[in-house]
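Right, one structure below, let's go through it.
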Amino acid sequence: MPHLTFECTDNIYDAAALPALLRRANEVLIAQHGVYPTGGIRSRAIRLTDYCVADGSADDAFVHATLKIGSGRSPDAKQRTGDALFRLMTDHFADLYALRGLALSLEIAEFSEAGTWKQNNIHARYKTAGA
C-alpha cells in the first residue's frame, strides 16, 4: 500500500499524458517523508468508456483519483498527501482544464489491515538500498 487509481473519461484519455502523471504521483508519495513504503506504492489509470457527466449535454470530462491506504497515518500526514496529490493533478491537467469542461477530484480511502491480504517481495529491494 498505497494504491492510487486515476479514473479518466475516454474523451480526454489520449491527451491526458497518464504515464507521466503516474510516475509523478509515485514521486509525490515517495516524497512524503517515509509515510508510505516505496515498495508498496502502486498507481494505475483506468479509461472510462461508459460515463455521463452532469446532464450529458456537453462533451465534459472528469478525472477522479482514489488513494487507498492502510490505517494508522496521522490526519496531518493524510492532509499533506492529499494536498500534494491534488496540486499535482491540477498542475498536470491545467492545459486541458483551460480548454474544456473538466472536473478533477481526489479521495483518500483508509481501511484497517484486517480484511486485506498481501505478499510483496519488492520491499526487500528498498530496505537493502536504504530507501
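Residues in the C-alpha cells are named by chain (A, B, ... in the order shown) and by number from 1 within that chain; ligands are numbered from 1 in the order shown.
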
Picked from range 3-125 of chain A by DSSP as alpha helix (DSSP H), as a ChimeraX atom specification: /A:10-13,18-30,75-92,94-99,123-125

Could you dump the residues just selected with C-alpha atoms as an mmCIF file, in the first residue's frame?
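For reference, result-v7.cif as written:
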```
data_model
loop_
_atom_site.group_PDB
_atom_site.id
_atom_site.type_symbol
_atom_site.label_atom_id
_atom_site.label_comp_id
_atom_site.auth_asym_id
_atom_site.auth_seq_id
_atom_site.Cartn_x
_atom_site.Cartn_y
_atom_site.Cartn_z
ATOM 1 C CA ASP A 10 -12.377 8.395 -22.688
ATOM 2 C CA ASN A 11 -12.859 11.838 -24.285
ATOM 3 C CA ILE A 12 -9.557 13.117 -22.789
ATOM 4 C CA TYR A 13 -7.666 9.879 -22.197
ATOM 5 C CA LEU A 18 -1.248 9.483 -17.916
ATOM 6 C CA PRO A 19 2.084 7.600 -17.883
ATOM 7 C CA ALA A 20 3.798 10.849 -16.826
ATOM 8 C CA LEU A 21 1.096 11.515 -14.230
ATOM 9 C CA LEU A 22 1.526 8.033 -12.734
ATOM 10 C CA ARG A 23 5.283 8.441 -12.396
ATOM 11 C CA ARG A 24 4.917 11.900 -10.844
ATOM 12 C CA ALA A 25 2.223 10.634 -8.468
ATOM 13 C CA ASN A 26 4.557 7.895 -7.235
ATOM 14 C CA GLU A 27 7.243 10.542 -6.717
ATOM 15 C CA VAL A 28 4.783 12.582 -4.621
ATOM 16 C CA LEU A 29 4.036 9.557 -2.437
ATOM 17 C CA ILE A 30 7.719 8.708 -2.046
ATOM 18 C CA PRO A 75 -4.571 13.302 9.943
ATOM 19 C CA ASP A 76 -1.737 15.731 9.153
ATOM 20 C CA ALA A 77 0.080 13.161 7.008
ATOM 21 C CA LYS A 78 -3.129 12.381 5.102
ATOM 22 C CA GLN A 79 -3.800 16.099 4.593
ATOM 23 C CA ARG A 80 -0.263 16.705 3.277
ATOM 24 C CA THR A 81 -0.602 13.729 0.933
ATOM 25 C CA GLY A 82 -3.997 14.853 -0.366
ATOM 26 C CA ASP A 83 -2.817 18.425 -0.848
ATOM 27 C CA ALA A 84 0.293 17.301 -2.738
ATOM 28 C CA LEU A 85 -1.571 14.843 -4.979
ATOM 29 C CA PHE A 86 -4.358 17.292 -5.777
ATOM 30 C CA ARG A 87 -1.815 20.012 -6.573
ATOM 31 C CA LEU A 88 -0.151 17.524 -8.936
ATOM 32 C CA MET A 89 -3.490 16.808 -10.603
ATOM 33 C CA THR A 90 -4.445 20.462 -11.049
ATOM 34 C CA ASP A 91 -0.998 21.282 -12.437
ATOM 35 C CA HIS A 92 -0.952 18.240 -14.736
ATOM 36 C CA ALA A 94 -4.164 22.757 -16.272
ATOM 37 C CA ASP A 95 -3.994 22.990 -20.078
ATOM 38 C CA LEU A 96 -6.968 20.661 -20.619
ATOM 39 C CA TYR A 97 -8.893 22.428 -17.845
ATOM 40 C CA ALA A 98 -8.419 25.749 -19.648
ATOM 41 C CA LEU A 99 -9.805 24.321 -22.902
ATOM 42 C CA HIS A 123 10.023 -4.143 -0.191
ATOM 43 C CA ALA A 124 13.294 -6.017 0.381
ATOM 44 C CA ARG A 125 14.948 -4.227 -2.517
#
```

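Non-sequential neighbours of Ala45 in chain A (distance at most 7 Å, separation of 3 or more positions within a chain, only C-alpha atoms) are Thr5, Phe6, Glu7 and Leu18 of chain A.
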
Output N, CA, C and O atoms of each residue in that selection to a file, as an mmCIF file, in the first residue's frame.
```cif
data_model
loop_
_atom_site.group_PDB
_atom_site.id
_atom_site.type_symbol
_atom_site.label_atom_id
_atom_site.label_comp_id
_atom_site.auth_asym_id
_atom_site.auth_seq_id
_atom_site.Cartn_x
_atom_site.Cartn_y
_atom_site.Cartn_z
ATOM 1 N N THR A 5 -5.492 5.079 -7.888
ATOM 2 C CA THR A 5 -6.184 4.827 -9.144
ATOM 3 C C THR A 5 -6.736 6.132 -9.694
ATOM 4 O O THR A 5 -7.427 6.867 -8.987
ATOM 5 N N PHE A 6 -6.404 6.409 -10.944
ATOM 6 C CA PHE A 6 -6.970 7.546 -11.664
ATOM 7 C C PHE A 6 -7.997 7.006 -12.646
ATOM 8 O O PHE A 6 -7.667 6.197 -13.506
ATOM 9 N N GLU A 7 -9.253 7.438 -12.509
ATOM 10 C CA GLU A 7 -10.297 7.120 -13.477
ATOM 11 C C GLU A 7 -10.407 8.317 -14.406
ATOM 12 O O GLU A 7 -10.582 9.445 -13.942
ATOM 13 N N LEU A 18 -1.130 10.227 -19.172
ATOM 14 C CA LEU A 18 -1.248 9.483 -17.916
ATOM 15 C C LEU A 18 0.032 8.761 -17.480
ATOM 16 O O LEU A 18 0.305 8.709 -16.276
#
```

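The two atoms in question, CA of Ala17 in chain A and CA of Ile46 in chain A, are spaced 12.8 Å apart.
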
Coordinates-based distance that separates CA of Ala109 in chain A from CA of Cys52 in chain A (Å, one decimal): 23.6 Å

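Backbone DSSP assigns strand (DSSP E) in range 26-81 of chain A to Arg42, Ser43, Arg44, Ala45, Ile46, Arg47, Leu48, Ala61, Phe62, Val63, His64, Ala65, Thr66, Leu67, Lys68, Ile69 and Gly70 of chain A.
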
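Counting only C-alpha atoms and comparing A:Gly72, A:Cys8, A:Thr128, A:Trp117, the residue that lies closest to Ser105 in chain A is A:Cys8.
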
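Comparing A:Met1, A:Ile69, A:Ala54, A:Val63 by their smallest distance to Phe93 in chain A, the closest is A:Val63 (using only C-alpha atoms).
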
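Put simply, CA of Leu4 in chain A is 9.1 Å away from CA of Ile108 in chain A.
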